[in-house]
Structure formats: C-alpha cells, structure tokens
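Chemist: Below you'll find final.pdb; it's PDB, C-alpha atoms.
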ATOM      1  CA  MET A   1       0.000   0.000   0.000
ATOM      2  CA  LEU A   2       2.924   2.324   0.644
ATOM      3  CA  ARG A   3       4.166   1.854  -2.921
ATOM      4  CA  LYS A   4       0.823   2.733  -4.501
ATOM      5  CA  ASN A   5       0.954   6.336  -5.772
ATOM      6  CA  LEU A   6       4.396   6.722  -4.197
ATOM      7  CA  GLY A   7       5.237   9.666  -6.463
ATOM      8  CA  TYR A   8       2.192  11.618  -5.283
ATOM      9  CA  LYS A   9       2.956  10.843  -1.647
ATOM     10  CA  VAL A  10       6.554  12.055  -1.973
ATOM     11  CA  LEU A  11       5.367  15.181  -3.811
ATOM     12  CA  ALA A  12       2.775  15.909  -1.106
ATOM     13  CA  LEU A  13       5.400  15.465   1.618
ATOM     14  CA  LEU A  14       7.829  17.799  -0.169
ATOM     15  CA  LEU A  15       5.109  20.413  -0.638
ATOM     16  CA  ALA A  16       4.143  20.197   3.032
ATOM     17  CA  ILE A  17       7.755  20.614   4.171
ATOM     18  CA  SER A  18       8.307  23.511   1.754
ATOM     19  CA  LEU A  19       5.180  25.276   3.001
ATOM     20  CA  TRP A  20       6.197  24.749   6.630
ATOM     21  CA  VAL A  21       9.685  26.194   5.988
ATOM     22  CA  TYR A  22       8.199  29.184   4.142
ATOM     23  CA  VAL A  23       5.822  29.991   6.999
ATOM     24  CA  ILE A  24       8.578  29.681   9.616
ATOM     25  CA  ILE A  25      10.920  32.000   7.680
ATOM     26  CA  THR A  26       8.321  34.661   6.837
ATOM     27  CA  GLN A  27       6.821  34.756  10.328
ATOM     28  CA  ARG A  28      10.115  34.867  12.213
ATOM     29  CA  GLY A  29      10.334  38.696  11.994
ATOM     30  CA  ALA A  30       6.709  39.155  13.039
ATOM     31  CA  LEU A  31       7.056  36.994  16.119
ATOM     32  CA  GLU A  32      10.374  38.402  17.281
ATOM     33  CA  THR A  33       9.971  40.694  20.298
ATOM     34  CA  LEU A  34      12.507  43.467  20.705
ATOM     35  CA  ALA A  35      13.123  46.325  23.125
ATOM     36  CA  PHE A  36      14.864  49.642  22.428
ATOM     37  CA  THR A  37      15.520  52.836  24.347
ATOM     38  CA  VAL A  38      14.356  55.891  22.396
ATOM     39  CA  PRO A  39      14.110  59.638  23.091
ATOM     40  CA  VAL A  40      10.832  61.261  24.116
ATOM     41  CA  VAL A  41       9.837  64.290  22.024
ATOM     42  CA  LEU A  42       7.413  66.863  23.431
ATOM     43  CA  ARG A  43       4.540  67.680  21.105
ATOM     44  CA  THR A  44       2.800  71.024  21.644
ATOM     45  CA  GLU A  45      -0.183  72.640  20.020
ATOM     46  CA  GLY A  46      -1.334  76.237  19.956
ATOM     47  CA  GLN A  47       0.573  79.456  20.596
ATOM     48  CA  PRO A  48       1.279  81.301  23.855
ATOM     49  CA  ALA A  49      -0.519  84.608  24.472
ATOM     50  CA  PRO A  50       0.519  87.523  22.250
ATOM     51  CA  GLY A  51       3.856  88.903  23.430
ATOM     52  CA  TYR A  52       4.931  85.549  24.962
ATOM     53  CA  ARG A  53       7.008  82.660  23.655
ATOM     54  CA  VAL A  54       8.058  79.138  24.628
ATOM     55  CA  ALA A  55      11.562  79.691  26.005
ATOM     56  CA  ARG A  56      12.402  76.155  27.124
ATOM     57  CA  ALA A  57      10.760  72.787  27.317
ATOM     58  CA  SER A  58      11.855  69.585  28.995
ATOM     59  CA  VAL A  59      10.547  66.055  29.363
ATOM     60  CA  ARG A  60      11.515  63.686  32.201
ATOM     61  CA  PRO A  61      12.529  61.015  31.644
ATOM     62  CA  ALA A  62      14.109  62.018  28.346
ATOM     63  CA  LEU A  63      14.427  58.355  27.285
ATOM     64  CA  VAL A  64      11.984  55.454  27.535
ATOM     65  CA  THR A  65      12.308  51.782  26.739
ATOM     66  CA  VAL A  66       9.737  50.475  24.289
ATOM     67  CA  ALA A  67       9.035  46.909  23.252
ATOM     68  CA  GLY A  68       7.037  45.212  20.557
ATOM     69  CA  GLU A  69       7.145  42.939  17.587
ATOM     70  CA  GLY A  70      10.220  43.284  15.427
ATOM     71  CA  ARG A  71       8.562  44.757  12.347
ATOM     72  CA  GLN A  72       6.776  47.597  14.146
ATOM     73  CA  LEU A  73       9.551  48.370  16.610
ATOM     74  CA  ARG A  74      12.306  48.685  14.008
ATOM     75  CA  GLN A  75      10.488  51.747  12.622
ATOM     76  CA  VAL A  76      10.368  53.555  15.991
ATOM     77  CA  THR A  77      13.219  56.081  16.375
ATOM     78  CA  GLN A  78      11.480  58.332  18.918
ATOM     79  CA  VAL A  79       8.265  58.529  20.916
ATOM     80  CA  GLN A  80       6.110  61.652  21.099
ATOM     81  CA  THR A  81       3.936  62.817  23.943
ATOM     82  CA  VAL A  82       0.271  63.452  23.382
ATOM     83  CA  PRO A  83      -0.126  67.133  22.390
ATOM     84  CA  VAL A  84       0.304  69.628  25.250
ATOM     85  CA  ASP A  85      -1.803  72.755  24.778
ATOM     86  CA  VAL A  86       0.117  76.036  25.196
ATOM     87  CA  GLU A  87      -2.630  78.171  23.635
ATOM     88  CA  GLY A  88      -2.829  81.563  25.357
ATOM     89  CA  ALA A  89      -0.274  80.657  28.048
ATOM     90  CA  GLN A  90       1.319  83.570  29.916
ATOM     91  CA  GLY A  91       3.230  81.535  32.496
ATOM     92  CA  ASP A  92       5.125  78.320  32.948
ATOM     93  CA  ILE A  93       3.382  74.979  32.448
ATOM     94  CA  HIS A  94       4.209  71.982  34.663
ATOM     95  CA  LEU A  95       2.412  68.701  34.009
ATOM     96  CA  ARG A  96       3.141  65.588  36.035
ATOM     97  CA  ALA A  97       1.546  62.849  33.945
ATOM     98  CA  VAL A  98       1.612  63.393  30.203
ATOM     99  CA  ALA A  99       0.867  60.222  28.252
ATOM    100  CA  LEU A 100       3.026  58.913  25.445
ATOM    101  CA  SER A 101       1.632  58.513  21.950
ATOM    102  CA  LEU A 102       2.788  55.030  20.995
ATOM    103  CA  PRO A 103       2.359  53.368  17.608
ATOM    104  CA  ARG A 104       0.118  50.314  17.377
ATOM    105  CA  GLY A 105       1.864  47.181  18.581
ATOM    106  CA  VAL A 106       4.438  49.100  20.654
ATOM    107  CA  ILE A 107       4.353  49.408  24.451
ATOM    108  CA  SER A 108       6.480  51.342  26.920
ATOM    109  CA  VAL A 109       8.131  49.037  29.428
ATOM    110  CA  SER A 110       9.779  51.785  31.474
ATOM    111  CA  ASN A 111       7.357  54.735  31.701
ATOM    112  CA  SER A 112       3.913  55.229  30.214
ATOM    113  CA  ARG A 113       3.749  58.875  31.349
ATOM    114  CA  VAL A 114       6.326  61.646  31.571
ATOM    115  CA  VAL A 115       6.745  64.950  33.438
ATOM    116  CA  VAL A 116       6.667  68.049  31.211
ATOM    117  CA  ASP A 117       7.982  71.518  32.059
ATOM    118  CA  ILE A 118       7.459  74.382  29.599
ATOM    119  CA  ALA A 119       8.892  77.823  30.344
ATOM    120  CA  ILE A 120       6.781  80.650  28.897
ATOM    121  CA  GLU A 121       8.480  84.064  28.861
ATOM    122  CA  PRO A 122       7.702  87.520  27.485
ATOM    123  CA  GLN A 123       9.188  88.106  24.063
ATOM    124  CA  GLU A 124      12.125  90.478  24.002
TER     125      GLU A 124
END
Once you've parsed the file, please lay out its structure as structure tokens.
Modeler:
Amino acid sequence: MLRKNLGYKVLALLLAISLWVYVIITQRGALETLAFTVPVVLRTEGQPAPGYRVARASVRPALVTVAGEGRQLRQVTQVQTVPVDVEGAQGDIHLRAVALSLPRGVISVSNSRVVVDIAIEPQE
C-alpha cells in the first residue's frame, strides 16, 4: 500500500515541508519581540498669548524603553507625547503625567507617562 501512488505521496510530503519552511521564515520577523531605548519628544499645540514665547521645554525622563514585535519596533526612532496645549499661556506649564503617543503594537516598558515643564516668557 505504501508503494501505490508513491510519487504523489513524496510530492505531497515535499510540498508540506516547503510550506512549513516558508511559513517559519516569513513569520520569524513578526514573532520576534525586541526592546529599544528611544528619546521622548514633546509635542505642543497652539501658541502662547501675544507677546509671549516658549523659552524652554523639557521632558523627564528624556528616554523610555519600548518593546514590541520586530517589524513595528524597528520603525520607531522616537516617541512623542500626546499634544500639550500652550494656547494663550502667559506663564510656565508643569504637568506631572503626560501620556506617550505610541504606535500600534508598541508598548512602553519603562514609563507610560512623563513629566513636562514648559517655560513661557515675554518676548524680548
């Protein structure tokens, strides 16, 4: 019985092995989990009150560690905060828990929120 249609059986086995190898190779990058440390970039929206300007801005921590699947994470070179509104500001802004805006499939393993300080000064 093993010898009946032996050619078809060998062909089916070779096709099955080839398909298995193809799936393993193509999915390896998608299943690989990586972690990188990247800078945090403050994102603002709006303008301070007339006659004022943003003099300085800082984010603490300045670096966060992010993790995710290899394909998505390899494209991440920095992480932005959610937009911080400076519209009409006439004085300094201090926020203790500003969320990070992370791409889909990427998580922060060190900090999910950062401290933001924005110095607003009169224009010279």
Chemist: Residues within 12 Å of (-0.5, 78.0, 28.2), file coordinates, counting all atoms listed in the file: what are they? Give the list as a list of chain:residue names.
Modeler: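 Nearby residues: A:Thr44, A:Glu45, A:Gly46, A:Gln47, A:Pro48, A:Ala49, A:Pro50, A:Tyr52, A:Arg53, A:Val54, A:Val84, A:Asp85, A:Val86, A:Glu87, A:Gly88, A:Ala89, A:Gln90, A:Gly91, A:Asp92, A:Ile93, A:His94, A:Leu95, A:Asp117, A:Ile118, A:Ala119, A:Ile120, A:Glu121.
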Chemist: Contacts of Val106 (chain A) at 10 Å or less, counting only C-alpha atoms, minus same-chain residues fewer than 2 places along, as a ChimeraX atom specification?
Modeler: /A:34-35,66-70,72-73,76,101-104,108-109
Chemist: Between A:Val10, A:Val115, A:Val79, A:Val38, which residue has the minimum interatomic distance to Thr65 (chain A), considering all atoms listed in the file?
Modeler: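 The closest residue to Thr65 (chain A) is A:Val38.
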Chemist: Record the distance separating CA of Gln80 (chain A) and CA of Arg113 (chain A), expressed in Å with one decimal.
Modeler: 10.9 Å
Chemist: Find the distance between CA of Ser110 (chain A) and CA of Ala62 (chain A) and write it in Å to one decimal.
Modeler: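 Those two atoms sit 11.5 Å apart.
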Chemist: Grab all the atoms of region 33-45 of chain A that the file lists, wrap them in a box along x, y and z, add 5 Å per side, and give me centre plus edge lengths in Å (one decimal) as AutoDock Vina command-line options.
Modeler:
--center_x 7.7 --center_y 56.7 --center_z 22.2 --size_x 25.7 --size_y 41.9 --size_z 14.3
Chemist: Grab the CA of Thr77 (chain A) to CA of Ile107 (chain A) distance for me, in Å with one decimal place.
Modeler: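 A separation of 13.7 Å between them.
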Chemist: Selection in question (the file shown): the PyMOL selection byres ((chain A and resi 99) around 6). Which residues does it include, as a list in words?
Modeler: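 Evaluating the PyMOL selection byres ((chain A and resi 99) around 6) on this file yields Thr81, Val82, Val98, Leu100 and Arg113 of chain A.
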